[in-house]
Amino acid sequence: MTALARPALRPLADELARRLADGQVPVTVAVPDACRPAVADLLGLDRVPGNGRRLGVARLLVALGLPDVDALRHAVESVTGPLPQPAARRRADRERQAALWSWFAEEAAGVTLGGPLDEWVAAQRVRGPRGGVERRRRQLEQALAVLRRLPADGLPLASLAADEAGGPHGLDRGRPLAATVLDAVAVATGQARPANAEDARLLWESVGVAPDPLSSTVASLGLPGDDSPLGVWLHAARGASEPVTLTLANLRRWPRPPLPPDRPVFVLENPSLLAEAAGAHWDGPPLICSSGQPTVAVLTLLRQLGAAGTTLYQHADFDPAGLAITAWLQQRAGTVPWRMTAADYLSAARPGDAAFSVVPATPWDPQLGQAMSERRVAVYEEDVRHTIIAAARANP
């Protein structure tokens with residue numbers, strides 16, 4: 001039995017076991033703080049080694065009376081128990097990693113967030129099991145738990161983080177988990193990865209999560225007023241034909257009263273149409289702008305206005321994004337696709353280069369999807385703005 005069996009040298013034996021188990025042939029070894037006095041006795045030093053001191057393995061072999069590193073390994077095993085062989089350890093690591101990625105791919109396949117997550121799964125696999133397989137699995141489990149809550153329905157980001165990310169700031173911008181989840185959202189929804197805070201906010205809102213009640217907004221024109229502070233402002237803006245941008249916080253504090261069934265609302269995709277209508281002294285029904293992918297504020301306002309049965313007529317660009325917005329709003333806000341038929345598209349489409357290849361489903365008019373797949377030419381709201389504005393003023 002060697003001197004390593006002394007209880008006072010056990011921390012040194014454990015450190016040697018860790019190094020040798022990795023298949024290394026160490027030249028030096030760190031002297032654990034707990035056994036610095038015992039190491040001084042072993043080496044016959046006249047003073048205790050300082051913090052962070054490293055001990056040459058050759059010197060240790062001499063002090064222990066051992067001929068080589070193999071003998072040192074046997075001495076360590078007599079204290080700590082058998083050490084794994086490097087080859088066996090590497091094989092076990094490969095098996096654990098294979099099991100991790102097999103589990104991850106299967107779990108990600110069960111996430112219903114639009115498109116498949118294969119690209120995201122592959123990217124996570126390229127990053128490897130940083131921090132070890134078990135730690136990596138915990139990180140991925142947390143990301144999957146967040147993704148399974150999506151798409152949400154106006155859920156505050158802080159609430160989602162508190163439920164699934166260990167605290168209300170667990171999904172703040174800059175946190176690794178937030179980046180991992182948003183990468184998955186971008187892949188599933190066919191959007192670009194966020195390059196800045198604004199991109200991140202829009203990406204969260206595209207899956208129904210509200211980062212904060214002030215940054216989520218909706219533009220409108222011609223909303224009726226009431227006696228609330230917000231209603232007084234809206235009444236004045238309507239009289240002046242002035243577009244108004246409302247925050248989610250506004251709509252939560254002063255919800256808009258439902259409109260009666262005989263007072264329709266028109267939802268447009270592009271703010272330029274609101275600006276043009278305002279410039280023409282708009283006095284028609286309320287216009288709401290989704291500004292591309294609808295925010296939580298857009299969804300909230302439409303639900304408030306439509307709660308008593310008014311019809312929410314919705315129009316968008318004739319391109320893949322516009323079709324996706326139309327389907328999304330129809331499903332979540334009960335909007336009615338308006339002037340979004342195959343006949344409307346074909347009457348406005350002009351010959352040109354192909355602008356897209358994949359066309360989303362158009363369940364409100366299957367012939368529209370077929371026509372756009374054949375033409376593959378986009379028709380933007382600005383192209384038909386005069387027709388749209390005049391029809392909205394006249395009511396359908």
# chains A, B, ... in the order shown; residues from 1 in each chain; ligands from 1
>>> residues_around(residues="A:Ala200", least_positions_apart="4", cutoff="8 Å", atoms="only C-alpha atoms", output="MDAnalysis selection string")
chainID A and resid 173 182 194:196 204
>>> closest_atom_pairs(of="stretch 230-289 of chain A", to="stretch 313-334 of chain A", cutoff="6 Å", atoms="only C-alpha atoms", output="tab-separated table")
residue	atom	partner	partner_atom	distance
A:Phe266	CA	A:Tyr313	CA	4.8
A:Val267	CA	A:Gln314	CA	4.5
A:Leu268	CA	A:His315	CA	5.1
A:Glu269	CA	A:Ala316	CA	4.9
>>> closest_residue(among="A:Ala342, A:Ala349, A:Gly309, A:Ala297", to="A:Gln370", atoms="only C-alpha atoms")
A:Ala342
>>> closest_residue(among="A:Arg263, A:Arg149, A:His281, A:Arg6", to="A:Val76", atoms="only C-alpha atoms")
A:Arg6
>>> closest_residue(among="A:Ala40, A:Leu45, A:Leu9, A:Ala143", to="A:Val79", atoms="only C-alpha atoms")
A:Leu9
>>> atom_distance(atom1="atom CA of A:Asp41", atom2="atom CA of A:Val57")
16.3 Å
>>> atom_distance(atom1="atom CA of A:Pro224", atom2="atom CA of A:Val296")
20.7 Å
>>> residues_around(residues="A:Ser102", least_positions_apart="6", cutoff="12 Å", atoms="only C-alpha atoms", output="PyMOL selection string")
chain A and resi 95-96+108-109+121-122+125+137
>>> residues_around(residues="A:Arg201", least_positions_apart="6", cutoff="10 Å", atoms="only C-alpha atoms", output="VMD selection string")
chain A and resid 157 173 182 194 209 to 212 215 to 216 295
>>> select_by_dssp(residues="stretch 11-73 of chain A", states="helix (DSSP H, G or I)", output="PyMOL selection string")
chain A and resi 11-21+33-43+57-64+69-73
>>> write_last_selection(atoms="C-alpha atoms", output="short mmCIF file (atom, residue, chain, number, x, y, z; two decimals), in the first residue's frame")
data_model
loop_
_atom_site.label_atom_id
_atom_site.label_comp_id
_atom_site.auth_asym_id
_atom_site.auth_seq_id
_atom_site.Cartn_x
_atom_site.Cartn_y
_atom_site.Cartn_z
CA PRO A 11 -8.01 14.63 -2.47
CA LEU A 12 -4.74 14.22 -4.38
CA ALA A 13 -5.65 10.62 -5.25
CA ASP A 14 -9.06 11.79 -6.54
CA GLU A 15 -7.43 14.47 -8.72
CA LEU A 16 -5.02 11.90 -10.15
CA ALA A 17 -7.96 9.55 -10.82
CA ARG A 18 -9.76 12.27 -12.77
CA ARG A 19 -6.72 12.99 -14.92
CA LEU A 20 -5.87 9.35 -15.56
CA ALA A 21 -9.50 8.43 -16.35
CA ASP A 33 -5.98 22.87 -1.03
CA ALA A 34 -7.24 20.30 1.44
CA CYS A 35 -4.08 18.22 1.27
CA ARG A 36 -1.32 20.81 0.94
CA PRO A 37 0.12 20.01 4.43
CA ALA A 38 0.10 16.27 3.66
CA VAL A 39 1.89 16.88 0.33
CA ALA A 40 4.53 18.92 2.17
CA ASP A 41 5.10 15.96 4.51
CA LEU A 42 5.23 13.51 1.58
CA LEU A 43 7.84 15.55 -0.25
CA VAL A 57 4.36 13.78 -11.59
CA ALA A 58 8.01 12.66 -11.90
CA ARG A 59 8.70 14.11 -8.48
CA LEU A 60 5.59 12.46 -7.09
CA LEU A 61 6.69 9.06 -8.45
CA VAL A 62 9.98 9.41 -6.60
CA ALA A 63 8.25 10.40 -3.37
CA LEU A 64 5.88 7.44 -3.64
CA VAL A 69 2.82 6.14 -14.52
CA ASP A 70 1.34 2.65 -14.88
CA ALA A 71 2.38 1.92 -11.32
CA LEU A 72 0.87 5.23 -10.29
CA ARG A 73 -2.39 4.23 -11.95
#
>>> select_by_dssp(residues="stretch 84-327 of chain A", states="strand (DSSP E or B)", output="ChimeraX atom specification")
/A:155-156,209-210,217-221,244-247,265-268,287-289,312-314,318
>>> write_last_selection(atoms="C-alpha atoms", output="mmCIF file, in the first residue's frame")
data_model
loop_
_atom_site.group_PDB
_atom_site.id
_atom_site.type_symbol
_atom_site.label_atom_id
_atom_site.label_comp_id
_atom_site.auth_asym_id
_atom_site.auth_seq_id
_atom_site.Cartn_x
_atom_site.Cartn_y
_atom_site.Cartn_z
ATOM 1 C CA LEU A 155 -49.072 35.076 -23.301
ATOM 2 C CA PRO A 156 -46.601 37.557 -21.733
ATOM 3 C CA VAL A 209 -45.975 35.820 -27.160
ATOM 4 C CA ALA A 210 -45.964 39.444 -25.966
ATOM 5 C CA THR A 217 -48.555 47.935 -31.195
ATOM 6 C CA VAL A 218 -51.337 48.184 -33.760
ATOM 7 C CA ALA A 219 -52.042 50.989 -36.223
ATOM 8 C CA SER A 220 -55.627 52.044 -36.857
ATOM 9 C CA LEU A 221 -57.698 54.674 -38.601
ATOM 10 C CA VAL A 244 -53.369 56.175 -34.387
ATOM 11 C CA THR A 245 -50.874 53.636 -33.050
ATOM 12 C CA LEU A 246 -52.114 51.845 -29.939
ATOM 13 C CA THR A 247 -50.041 49.752 -27.576
ATOM 14 C CA VAL A 265 -64.047 46.535 -39.725
ATOM 15 C CA PHE A 266 -61.426 46.216 -42.457
ATOM 16 C CA VAL A 267 -58.019 44.721 -41.725
ATOM 17 C CA LEU A 268 -55.203 45.536 -44.137
ATOM 18 C CA LEU A 287 -59.287 50.317 -40.719
ATOM 19 C CA ILE A 288 -56.816 48.165 -38.797
ATOM 20 C CA CYS A 289 -53.304 47.459 -40.049
ATOM 21 C CA LEU A 312 -63.751 41.651 -39.598
ATOM 22 C CA TYR A 313 -62.929 41.767 -43.307
ATOM 23 C CA GLN A 314 -59.253 41.055 -43.955
ATOM 24 C CA PHE A 318 -51.013 37.909 -52.654
#
>>> atom_distance(atom1="atom CA of A:Ala348", atom2="atom CA of A:Val379")
6.8 Å
>>> closest_residue(among="A:Leu346, A:Ala278, A:Leu202, A:Ala105", to="A:Ala237", atoms="only C-alpha atoms")
A:Ala278
>>> residues_around(residues="A:Gly114", least_positions_apart="6", cutoff="9 Å", atoms="only C-alpha atoms", output="list in words")
Val185, Ala188, Thr189 and Gly190 of chain A
>>> closest_residue(among="A:Ala30, A:Gly65, A:Leu100, A:Asp46", to="A:Leu4", atoms="only C-alpha atoms")
A:Gly65
